[in-house]
>>> print(open('input-v3.tsv').read())   # TSV, C-alpha atoms
chain	number	residue	atom	x	y	z
A	8	MET	CA	60.33	72.89	32.34
A	9	TYR	CA	60.29	71.03	35.62
A	10	ASP	CA	63.52	71.13	37.54
A	11	PHE	CA	63.12	68.50	40.22
A	12	HIS	CA	66.86	68.26	40.88
A	13	ASN	CA	67.17	71.90	41.77
A	14	ALA	CA	65.98	71.54	45.37
A	15	ALA	CA	68.18	73.74	47.56
A	16	LEU	CA	69.98	71.78	50.29
A	17	SER	CA	71.65	73.27	53.32
A	18	PRO	CA	75.36	72.40	53.76
A	19	ILE	CA	74.48	69.93	56.52
A	20	GLN	CA	71.83	68.29	54.36
A	21	SER	CA	74.16	67.92	51.39
A	22	LEU	CA	76.86	66.53	53.69
A	23	LEU	CA	74.46	63.90	55.06
A	24	LEU	CA	73.31	63.12	51.52
A	25	ASN	CA	76.92	62.68	50.39
A	26	ILE	CA	77.82	60.53	53.40
A	27	ALA	CA	74.85	58.30	52.53
A	28	ILE	CA	76.04	57.99	48.92
A	29	LEU	CA	79.61	57.32	50.09
A	30	SER	CA	78.34	54.61	52.45
A	31	ILE	CA	76.62	52.87	49.52
A	32	ILE	CA	79.86	53.05	47.53
A	33	VAL	CA	81.98	51.77	50.46
A	34	ILE	CA	79.61	48.87	51.20
A	35	SER	CA	79.60	47.92	47.51
A	36	LEU	CA	83.40	48.11	47.38
A	37	ILE	CA	83.72	45.87	50.45
A	38	ARG	CA	81.39	43.36	48.77
A	39	GLY	CA	83.40	43.70	45.57
A	40	GLU	CA	86.66	43.07	47.39
A	41	ARG	CA	85.41	39.73	48.67
A	42	SER	CA	84.93	38.46	45.14
A	43	LEU	CA	88.39	39.50	44.00
A	44	ARG	CA	90.86	36.72	43.43
A	45	ASP	CA	93.38	36.57	46.25
A	46	GLN	CA	96.34	37.85	44.28
A	47	SER	CA	94.48	40.48	42.30
A	48	GLN	CA	96.36	43.58	43.46
A	49	TRP	CA	95.22	45.54	40.44
A	50	GLY	CA	91.57	44.90	41.18
A	51	MET	CA	92.17	46.06	44.75
A	52	LEU	CA	93.99	49.17	43.55
A	53	PHE	CA	91.05	49.96	41.27
A	54	LEU	CA	88.61	49.68	44.18
A	55	LEU	CA	90.85	51.95	46.26
A	56	ALA	CA	90.95	54.50	43.45
A	57	VAL	CA	87.13	54.51	43.24
A	58	PHE	CA	86.94	54.99	47.01
A	59	GLY	CA	89.53	57.78	46.94
A	60	VAL	CA	87.88	59.71	44.11
A	61	SER	CA	84.35	59.38	45.48
A	62	GLY	CA	85.47	60.10	49.04
A	63	ARG	CA	87.33	63.20	47.99
A	64	ILE	CA	84.41	64.56	46.00
A	65	LEU	CA	81.57	63.57	48.33
A	66	LEU	CA	83.23	64.82	51.53
A	67	GLY	CA	83.71	68.23	49.87
A	68	PRO	CA	81.38	70.01	52.34
A	69	ILE	CA	83.99	69.50	55.11
A	70	PRO	CA	87.13	71.16	53.78
A	71	ASN	CA	90.17	68.93	53.47
A	72	VAL	CA	88.62	65.96	55.24
A	73	GLN	CA	88.99	63.13	52.74
A	74	PRO	CA	90.40	59.58	52.79
A	75	VAL	CA	93.01	59.94	50.04
A	76	THR	CA	96.09	60.61	52.16
A	77	VAL	CA	95.47	57.61	54.43
A	78	LEU	CA	94.60	55.39	51.44
A	79	VAL	CA	97.81	56.27	49.65
A	80	LEU	CA	99.88	55.84	52.82
A	81	LEU	CA	98.45	52.36	53.41
A	82	ALA	CA	98.80	51.45	49.75
A	83	GLY	CA	102.46	52.40	49.97
A	84	ALA	CA	102.94	50.17	53.01
A	85	TYR	CA	101.17	47.17	51.49
A	86	PHE	CA	101.77	47.45	47.75
A	87	GLY	CA	105.04	49.38	47.51
A	88	ALA	CA	105.94	52.83	46.20
A	89	PRO	CA	105.28	52.49	42.44
A	90	ARG	CA	101.71	51.29	42.80
A	91	SER	CA	100.82	53.79	45.52
A	92	ILE	CA	102.25	56.63	43.43
A	93	ALA	CA	100.16	55.48	40.47
A	94	LEU	CA	97.13	55.35	42.78
A	95	ALA	CA	97.91	58.84	44.12
A	96	ALA	CA	98.24	60.44	40.70
A	97	THR	CA	95.14	58.66	39.38
A	98	ILE	CA	92.99	59.87	42.29
A	99	ALA	CA	94.29	63.45	42.04
A	100	LEU	CA	93.74	63.66	38.29
A	101	ALA	CA	90.38	61.87	38.17
A	102	SER	CA	88.78	63.84	41.01
A	103	ASN	CA	90.08	67.17	39.70
A	104	VAL	CA	88.98	66.55	36.13
A	105	LEU	CA	85.58	65.21	37.24
A	106	LEU	CA	84.60	68.04	39.51
A	107	LEU	CA	87.14	69.82	41.65
A	108	GLY	CA	89.01	71.70	38.93
A	109	HIS	CA	92.10	70.70	37.00
A	110	GLY	CA	95.12	72.97	36.71
A	111	PRO	CA	98.80	73.21	37.63
A	112	TRP	CA	97.94	72.31	41.23
A	113	THR	CA	96.94	68.79	40.11
A	114	LEU	CA	100.62	68.09	39.43
A	115	PHE	CA	101.53	69.31	42.94
A	116	GLN	CA	98.79	67.14	44.46
A	117	ALA	CA	99.87	64.10	42.46
A	118	ILE	CA	103.51	64.56	43.51
A	119	GLY	CA	102.48	65.36	47.10
A	120	TRP	CA	100.34	62.26	47.49
A	121	GLY	CA	102.93	60.25	45.57
A	122	GLY	CA	105.45	61.34	48.20
A	123	VAL	CA	103.05	60.18	50.92
A	124	GLY	CA	102.85	56.79	49.16
A	125	LEU	CA	106.64	56.64	49.05
A	126	LEU	CA	106.76	57.42	52.78
A	127	GLY	CA	104.31	54.57	53.40
A	128	ALA	CA	106.51	52.20	51.42
A	129	LEU	CA	109.67	53.31	53.25
A	130	LEU	CA	108.01	52.82	56.64
A	131	ALA	CA	106.19	49.63	55.60
A	132	ASN	CA	107.97	47.47	58.17
A	133	ARG	CA	107.01	49.82	60.98
A	134	ILE	CA	103.43	50.51	59.86
A	135	VAL	CA	102.59	46.83	59.38
A	136	VAL	CA	103.94	44.52	62.09
A	137	ASP	CA	103.05	40.83	62.09
A	138	GLY	CA	100.35	41.46	59.51
A	139	ASP	CA	98.56	44.09	61.61
A	140	VAL	CA	98.48	47.84	61.17
A	141	ARG	CA	99.99	49.76	64.09
A	142	VAL	CA	97.18	52.28	64.33
A	143	GLY	CA	98.86	54.69	66.76
A	144	PHE	CA	102.06	54.94	64.75
A	145	LEU	CA	100.12	55.28	61.49
A	146	ALA	CA	97.99	58.09	62.99
A	147	VAL	CA	101.14	60.09	63.78
A	148	ILE	CA	102.56	59.50	60.29
A	149	ALA	CA	99.21	60.39	58.68
A	150	ALA	CA	99.03	63.65	60.66
A	151	ILE	CA	102.56	64.64	59.61
A	152	SER	CA	101.81	63.62	56.01
A	153	GLY	CA	98.73	65.85	55.99
A	154	LEU	CA	100.75	68.92	57.00
A	155	ALA	CA	103.60	68.14	54.62
A	156	PHE	CA	101.18	67.52	51.74
A	157	ASN	CA	99.32	70.81	52.28
A	158	TRP	CA	102.48	72.87	52.49
A	159	PHE	CA	103.91	71.23	49.40
A	160	VAL	CA	100.73	71.86	47.38
A	161	SER	CA	100.72	75.48	48.61
A	162	LEU	CA	104.00	75.97	46.74
A	163	SER	CA	101.89	75.96	43.56
A	164	ILE	CA	100.93	79.59	44.29
A	165	LEU	CA	104.51	80.53	43.48
A	166	LEU	CA	103.45	80.10	39.85
A	167	GLU	CA	101.19	83.15	40.38
A	168	VAL	CA	102.76	85.32	43.07
A	169	GLY	CA	106.16	86.16	44.49
A	170	PRO	CA	107.81	84.24	47.36
A	171	SER	CA	106.99	87.03	49.84
A	172	MET	CA	103.33	85.97	49.65
A	173	LEU	CA	104.06	82.38	50.67
A	174	ILE	CA	104.24	82.94	54.44
A	175	PRO	CA	100.92	84.82	54.70
A	176	TYR	CA	99.35	82.24	52.40
A	177	LEU	CA	100.51	79.34	54.61
A	178	LEU	CA	99.48	81.24	57.76
A	179	ASN	CA	96.03	81.88	56.35
A	180	GLY	CA	95.66	78.21	55.41
A	181	LEU	CA	96.47	76.86	58.87
A	182	VAL	CA	92.85	75.99	59.67
A	183	PHE	CA	92.66	73.92	56.49
A	184	ASP	CA	95.88	72.15	57.48
A	185	LEU	CA	94.32	71.29	60.85
A	186	TYR	CA	91.26	69.92	59.04
A	187	HIS	CA	93.53	67.65	57.01
A	188	VAL	CA	95.33	66.45	60.16
A	189	ALA	CA	92.08	65.80	62.06
A	190	GLY	CA	90.54	64.05	59.04
A	191	ASN	CA	93.58	61.82	58.57
A	192	VAL	CA	93.61	60.74	62.22
A	193	LEU	CA	89.86	60.04	61.99
A	194	PHE	CA	90.30	57.88	58.90
A	195	VAL	CA	93.24	56.01	60.44
A	196	ALA	CA	91.25	55.33	63.61
A	197	TRP	CA	88.21	53.97	61.78
A	198	MET	CA	89.54	52.55	58.52
A	199	ALA	CA	93.16	51.53	58.86
A	200	SER	CA	92.61	48.08	60.39
A	201	PRO	CA	89.82	46.88	58.04
A	202	LEU	CA	91.54	48.42	55.00
A	203	GLY	CA	94.84	46.87	56.06
A	204	ASP	CA	93.18	43.45	56.34
A	205	MET	CA	91.77	43.85	52.84
A	206	MET	CA	95.09	44.96	51.39
A	207	HIS	CA	96.86	42.14	53.20
A	208	ARG	CA	94.69	39.61	51.37
A	209	HIS	CA	95.84	40.97	48.03
A	210	ARG	CA	99.49	41.67	48.61
A	211	SER	CA	100.93	38.19	48.23
A	212	SER	CA	102.33	38.39	44.74
A	213	PRO	CA	105.73	36.72	44.35
A	214	SER	CA	107.45	39.87	43.09
A	215	PHE	CA	106.33	41.86	46.14
A	216	LYS	CA	107.61	39.19	48.53
A	217	ALA	CA	110.99	39.32	46.87
A	218	VAL	CA	111.15	43.06	47.45
A	219	ILE	CA	110.09	42.75	51.08
A	220	ASP	CA	112.69	40.05	51.79
A	221	ARG	CA	115.49	42.31	50.80
A	222	VAL	CA	114.50	45.13	53.14
A	223	PRO	CA	116.61	44.84	56.30
A	224	ASN	CA	114.78	45.18	59.60
B	15	MET	CA	95.07	52.62	71.59
B	16	SER	CA	92.78	52.34	68.59
B	17	ASP	CA	89.72	51.96	70.84
B	18	LEU	CA	90.45	55.32	72.37
B	19	LEU	CA	91.45	56.88	69.07
B	20	LYS	CA	88.08	56.27	67.40
B	21	PRO	CA	85.91	58.44	69.67
B	22	ALA	CA	88.76	60.89	70.27
B	23	SER	CA	89.23	61.53	66.55
B	24	VAL	CA	85.50	62.20	66.06
B	25	VAL	CA	85.43	64.60	69.01
B	26	ALA	CA	88.55	66.37	67.74
B	27	LEU	CA	87.05	66.90	64.29
B	28	ILE	CA	83.75	68.22	65.71
B	29	VAL	CA	85.61	70.60	68.02
B	30	LEU	CA	87.69	71.79	65.08
B	31	ILE	CA	84.59	72.41	62.95
B	32	LEU	CA	83.09	74.44	65.80
B	33	ILE	CA	86.15	76.59	66.55
B	34	ALA	CA	87.47	76.90	62.98
B	35	PRO	CA	85.62	80.17	62.17
B	36	SER	CA	87.10	81.98	65.17
B	37	ILE	CA	90.60	80.65	64.47
B	38	GLN	CA	90.22	81.71	60.83
B	39	ASP	CA	89.20	85.22	61.87
B	40	ARG	CA	92.34	85.58	63.96
B	41	LEU	CA	94.51	84.18	61.16
B	42	SER	CA	92.94	86.49	58.59
B	43	GLU	CA	93.72	89.47	60.81
B	44	GLU	CA	97.33	88.29	61.09
B	45	THR	CA	97.55	87.66	57.35
B	46	VAL	CA	96.34	91.12	56.46
B	47	ARG	CA	99.34	92.62	58.25
B	48	PHE	CA	101.42	91.29	55.39
B	49	VAL	CA	99.41	93.39	52.92
B	50	GLU	CA	101.13	96.71	52.73
B	51	ASP	CA	99.21	99.91	52.26
B	52	ASN	CA	100.14	100.48	48.69
B	53	GLU	CA	99.77	104.20	48.00
B	54	SER	CA	99.74	103.66	44.27
B	55	ALA	CA	96.54	101.65	44.59
B	56	HIS	CA	94.74	105.01	44.61
B	57	ASP	CA	96.36	106.20	41.37
B	58	GLY	CA	93.79	107.33	38.85
B	59	LEU	CA	91.01	107.50	41.42
B	60	PRO	CA	89.36	110.78	42.49
B	61	THR	CA	91.60	112.69	44.92
B	62	GLU	CA	88.77	113.00	47.44
B	63	TRP	CA	88.95	109.21	47.81
B	64	GLU	CA	92.45	109.36	49.36
B	65	GLY	CA	92.31	107.46	52.64
B	66	LYS	CA	88.86	106.13	51.76
B	67	GLN	CA	87.78	102.62	50.87
B	68	VAL	CA	87.20	101.88	47.18
B	69	MET	CA	85.80	98.92	45.20
B	70	CYS	CA	86.81	98.71	41.53
B	71	ILE	CA	85.53	96.26	38.91
B	72	HIS	CA	87.39	95.96	35.61
B	73	PHE	CA	85.91	94.16	32.63
B	74	PRO	CA	87.93	92.39	29.94
B	75	ALA	CA	88.15	93.96	26.48
B	76	SER	CA	86.44	90.90	25.03
B	77	SER	CA	83.38	91.31	27.27
B	78	PRO	CA	82.88	94.99	28.11
B	79	HIS	CA	80.07	96.06	30.43
B	80	ASP	CA	77.05	97.65	28.76
B	81	MET	CA	77.08	100.75	31.00
B	82	PHE	CA	80.82	101.05	31.66
B	83	SER	CA	82.43	100.32	28.30
B	84	GLN	CA	84.30	103.66	28.01
B	85	GLY	CA	87.04	104.24	30.60
B	86	VAL	CA	86.46	103.75	34.31
B	87	THR	CA	83.31	105.34	35.76
B	88	MET	CA	83.71	106.75	39.28
B	89	ILE	CA	80.66	106.39	41.51
B	90	GLY	CA	80.30	108.12	44.90
B	91	THR	CA	78.85	106.80	48.14
B	92	ASP	CA	75.44	108.24	47.26
B	93	GLY	CA	75.40	106.47	43.89
B	94	SER	CA	76.16	109.69	41.98
B	95	ASP	CA	78.33	109.61	38.87
B	96	LEU	CA	81.56	111.55	39.64
B	97	GLY	CA	83.00	111.25	36.14
B	98	VAL	CA	84.92	108.88	33.90
B	99	ASN	CA	88.70	108.40	33.81
B	100	GLU	CA	89.53	107.42	30.23
B	101	ASP	CA	93.30	107.34	30.78
B	102	LEU	CA	93.47	104.09	32.74
B	103	ASN	CA	93.72	101.82	29.71
B	104	ARG	CA	90.87	99.65	30.96
B	105	THR	CA	87.13	99.81	31.41
B	106	GLY	CA	84.81	99.32	34.31
B	107	ALA	CA	83.63	101.17	37.39
B	108	CYS	CA	84.89	102.15	40.83
B	109	VAL	CA	82.65	102.87	43.79
B	110	GLY	CA	84.50	104.76	46.50
B	111	GLY	CA	84.66	107.18	49.39
B	112	PHE	CA	83.72	104.72	52.15
B	113	ASP	CA	84.86	104.51	55.77
B	114	GLY	CA	84.77	101.91	58.45
B	115	TYR	CA	84.28	98.64	56.62
B	116	SER	CA	86.27	95.69	57.96
B	117	ASN	CA	84.51	92.74	56.29
B	118	GLY	CA	85.34	92.46	52.59
B	119	LEU	CA	82.11	90.76	51.58
B	120	ASP	CA	79.93	93.33	53.38
B	121	PHE	CA	81.83	96.12	51.65
B	122	MET	CA	81.51	94.44	48.29
B	123	MET	CA	77.75	93.95	48.58
B	124	ASP	CA	77.08	97.48	49.90
B	125	SER	CA	79.33	99.28	47.40
B	126	THR	CA	78.24	97.41	44.28
B	127	ARG	CA	74.59	97.97	45.17
B	128	LEU	CA	75.09	101.70	44.52
B	129	ALA	CA	75.53	101.08	40.78
B	130	ASN	CA	71.76	100.60	40.33
B	131	GLY	CA	72.08	96.89	39.60
B	132	GLY	CA	74.83	97.44	37.04
B	133	LEU	CA	77.42	95.71	39.24
B	134	SER	CA	75.29	93.08	40.94
B	135	VAL	CA	77.34	90.24	42.41
B	136	GLY	CA	76.69	86.51	42.19
B	137	TYR	CA	78.59	84.20	44.53
B	138	ASP	CA	78.45	80.68	45.92
B	139	VAL	CA	79.44	79.70	49.42
B	140	GLY	CA	81.62	76.64	49.08
B	141	GLN	CA	84.25	74.71	50.93
B	142	TRP	CA	86.67	77.64	50.89
B	143	GLY	CA	84.15	80.37	51.70
B	144	ALA	CA	82.42	82.83	49.41
B	145	PHE	CA	83.39	82.38	45.77
B	146	VAL	CA	82.40	85.18	43.39
B	147	HIS	CA	81.46	83.89	39.93
B	148	THR	CA	79.51	86.82	38.47
B	149	ILE	CA	79.90	90.60	38.64
B	150	GLY	CA	77.81	93.01	36.58
B	151	GLY	CA	76.26	90.18	34.60
B	152	LEU	CA	79.61	88.69	33.59
B	153	ASN	CA	80.02	85.10	34.75
B	154	ALA	CA	83.73	84.24	34.55
B	155	ASP	CA	82.89	80.60	33.85
B	156	THR	CA	81.33	81.56	30.50
B	157	LEU	CA	84.50	83.21	29.15
B	158	THR	CA	86.41	81.35	26.49
B	159	GLY	CA	89.64	82.12	24.72
B	160	ASP	CA	93.26	81.15	24.69
B	161	PHE	CA	93.26	79.86	28.29
B	162	ASN	CA	92.09	76.89	30.35
B	163	GLY	CA	89.70	78.83	32.51
B	164	ALA	CA	88.79	82.28	33.76
B	165	TYR	CA	87.85	83.55	37.21
B	166	TRP	CA	87.17	86.83	38.97
B	167	GLN	CA	90.54	87.69	40.51
B	168	LEU	CA	90.63	89.67	43.74
B	169	ASP	CA	93.39	92.22	44.36
B	170	HIS	CA	93.85	93.97	47.70
B	171	ASN	CA	95.68	97.30	47.44
B	172	GLY	CA	97.09	96.25	44.11
B	173	GLU	CA	98.39	92.87	45.31
B	174	TYR	CA	96.96	89.44	44.58
B	175	SER	CA	94.76	88.72	47.60
B	176	MET	CA	95.77	85.84	49.85
B	177	VAL	CA	92.23	85.31	51.03
B	178	GLY	CA	88.78	85.21	49.51
B	179	ILE	CA	86.46	88.20	49.77
B	180	GLY	CA	84.60	86.57	52.67
B	181	ASP	CA	87.78	86.38	54.78
B	182	LEU	CA	89.28	89.68	53.70
B	183	VAL	CA	89.82	92.05	56.62
B	184	MET	CA	89.82	95.67	55.44
B	185	SER	CA	91.44	98.74	56.89
B	186	GLU	CA	90.93	102.41	56.07
B	187	GLY	CA	91.99	103.50	52.59
B	188	ASP	CA	91.93	99.99	51.14
B	189	VAL	CA	91.30	99.53	47.44
B	190	ILE	CA	89.66	96.26	46.39
B	191	THR	CA	89.94	95.44	42.70
B	192	TRP	CA	88.22	92.73	40.72
B	193	SER	CA	89.38	91.80	37.24
B	194	ILE	CA	89.28	88.68	35.12
B	195	GLY	CA	92.22	86.35	35.68
B	196	THR	CA	92.94	83.26	33.64
B	197	TRP	CA	94.96	80.11	34.01
>>> encode(input="input-v3.tsv", output="structure tokens")
Amino acid sequence: MYDFHNAALSPIQSLLLNIAILSIIVISLIRGERSLRDQSQWGMLFLLAVFGVSGRILLGPIPNVQPVTVLVLLAGAYFGAPRSIALAATIALASNVLLLGHGPWTLFQAIGWGGVGLLGALLANRIVVDGDVRVGFLAVIAAISGLAFNWFVSLSILLEVGPSMLIPYLLNGLVFDLYHVAGNVLFVAWMASPLGDMMHRHRSSPSFKAVIDRVPN
Amino acid sequence: MSDLLKPASVVALIVLILIAPSIQDRLSEETVRFVEDNESAHDGLPTEWEGKQVMCIHFPASSPHDMFSQGVTMIGTDGSDLGVNEDLNRTGACVGGFDGYSNGLDFMMDSTRLANGGLSVGYDVGQWGAFVHTIGGLNADTLTGDFNGAYWQLDHNGEYSMVGIGDLVMSEGDVITWSIGTW
């Protein structure tokens, strides 16, 4: 049998390949967003979920660098906590079941990213000012969220080992935490403004306005 | 702010990718201090292996190894068969009597090679480092039963290892044990 798909790729080659595939997906999603009706939040959330799942899987060669945390944070700021939590859990479950491995940690990831979405919603009035994303502020929040998310998900090892192992486990994972922080700041720097503009176009549902009006400044 | 952040974030990530291996080495050395030298890890092993480094592979009852299906076979540093301990309530093989290894993966490859191919190791290098999927012909992914999934579990001196075999820093007298874990 011929096995044409079994060509061995170096890590750098597979990363470049995956970035190329992700670029095709992102360009298609941006095109798709333009044809969404203005108030179609659900369509926008679906596109974000596709981006989150594909980004998480395709950027696998660089550990912990993936767009999900920033996506969920922005979704919280623009669409409110319930929808960003739904987005967070959907991305965690779909990407784990598809490829990355599903287990008890999926619940921790879903709750962890859900918490990030909640944080985005709570800070909505400070992340988005006059319709624009405050990139510097968001970068700080995204960095903190990355650390908090990693440490929360690490608690899932307590299902396997005693609490005395937690400190060495966290210590050993510090490099991966730094990857998450650096990746989040990178995604905020490059994506937050265009993504925010897109989300802004699809946030104007009457129910959301009513919620926003009641939040004191 | 955002104009500066774009190039700065790319530079920061590249720098991190470049220095990550050396940071990880330092962290792994720190982490290993939390692993106590568990004397009982040597229980059941030949007494001449006290203070020496040992690699043990245990196979599940459902999938015993062809060559090591009765008790635990003890193999010396020259590949010689030192005997079988049938009182350990499990089956497999231990290769022991080594000195001076500090890198877990090097030790694993060198020690298992002494079993004449009977303990050959298959691993992938992924996002989190070396991931062992097959030992002695048994691929953990192929196991089925009353569990969601199976994997080769790594124990360091009798404790669940914090780090993968590629990041494991060994000291003298360490016992590395592989057995099938499930979730």
>>> interface_residues(input="input-v3.tsv", of="chain A", to="chain B", cutoff="8 Å", atoms="all atoms listed in the file", output="PyMOL selection string")
chain A and resi 67-70+110+142-143+168+172+175-176+178-179+181-182+185-186+189-190+192-193+196-197
>>> write_last_selection(input="input-v3.tsv", atoms="C-alpha atoms", output="PDB file, in the frame of the given file")
ATOM      1  CA  GLY A  67      83.710  68.230  49.870  1.00  0.00           C
ATOM      2  CA  PRO A  68      81.380  70.010  52.340  1.00  0.00           C
ATOM      3  CA  ILE A  69      83.990  69.500  55.110  1.00  0.00           C
ATOM      4  CA  PRO A  70      87.130  71.160  53.780  1.00  0.00           C
ATOM      5  CA  GLY A 110      95.120  72.970  36.710  1.00  0.00           C
ATOM      6  CA  VAL A 142      97.180  52.280  64.330  1.00  0.00           C
ATOM      7  CA  GLY A 143      98.860  54.690  66.760  1.00  0.00           C
ATOM      8  CA  VAL A 168     102.760  85.320  43.070  1.00  0.00           C
ATOM      9  CA  MET A 172     103.330  85.970  49.650  1.00  0.00           C
ATOM     10  CA  PRO A 175     100.920  84.820  54.700  1.00  0.00           C
ATOM     11  CA  TYR A 176      99.350  82.240  52.400  1.00  0.00           C
ATOM     12  CA  LEU A 178      99.480  81.240  57.760  1.00  0.00           C
ATOM     13  CA  ASN A 179      96.030  81.880  56.350  1.00  0.00           C
ATOM     14  CA  LEU A 181      96.470  76.860  58.870  1.00  0.00           C
ATOM     15  CA  VAL A 182      92.850  75.990  59.670  1.00  0.00           C
ATOM     16  CA  LEU A 185      94.320  71.290  60.850  1.00  0.00           C
ATOM     17  CA  TYR A 186      91.260  69.920  59.040  1.00  0.00           C
ATOM     18  CA  ALA A 189      92.080  65.800  62.060  1.00  0.00           C
ATOM     19  CA  GLY A 190      90.540  64.050  59.040  1.00  0.00           C
ATOM     20  CA  VAL A 192      93.610  60.740  62.220  1.00  0.00           C
ATOM     21  CA  LEU A 193      89.860  60.040  61.990  1.00  0.00           C
ATOM     22  CA  ALA A 196      91.250  55.330  63.610  1.00  0.00           C
ATOM     23  CA  TRP A 197      88.210  53.970  61.780  1.00  0.00           C
TER      24      TRP A 197
END
>>> closest_residue(input="input-v3.tsv", among="B:Met123, B:Ala75, B:Leu182, B:Val86", to="B:Leu168", atoms="all atoms listed in the file")
B:Leu182
>>> closest_residue(input="input-v3.tsv", among="A:Leu43, A:Ala150, A:Ala56, A:Met205", to="A:Thr97", atoms="only C-alpha atoms")
A:Ala56
>>> residues_near_point(input="input-v3.tsv", point="(85.6, 104.8, 28.2)", cutoff="8 Å", atoms="all atoms listed in the file", output="mmCIF file with C-alpha atoms, keeping the file's coordinate frame")
data_model
loop_
_atom_site.group_PDB
_atom_site.id
_atom_site.type_symbol
_atom_site.label_atom_id
_atom_site.label_comp_id
_atom_site.auth_asym_id
_atom_site.auth_seq_id
_atom_site.Cartn_x
_atom_site.Cartn_y
_atom_site.Cartn_z
ATOM 1 C CA PHE B 82 80.820 101.050 31.660
ATOM 2 C CA SER B 83 82.430 100.320 28.300
ATOM 3 C CA GLN B 84 84.300 103.660 28.010
ATOM 4 C CA GLY B 85 87.040 104.240 30.600
ATOM 5 C CA VAL B 86 86.460 103.750 34.310
ATOM 6 C CA THR B 87 83.310 105.340 35.760
ATOM 7 C CA VAL B 98 84.920 108.880 33.900
ATOM 8 C CA ASN B 99 88.700 108.400 33.810
ATOM 9 C CA GLU B 100 89.530 107.420 30.230
ATOM 10 C CA ARG B 104 90.870 99.650 30.960
ATOM 11 C CA THR B 105 87.130 99.810 31.410
#
>>> atom_distance(input="input-v3.tsv", atom1="atom CA of A:Leu24", atom2="atom CA of A:Leu66")
10.1 Å
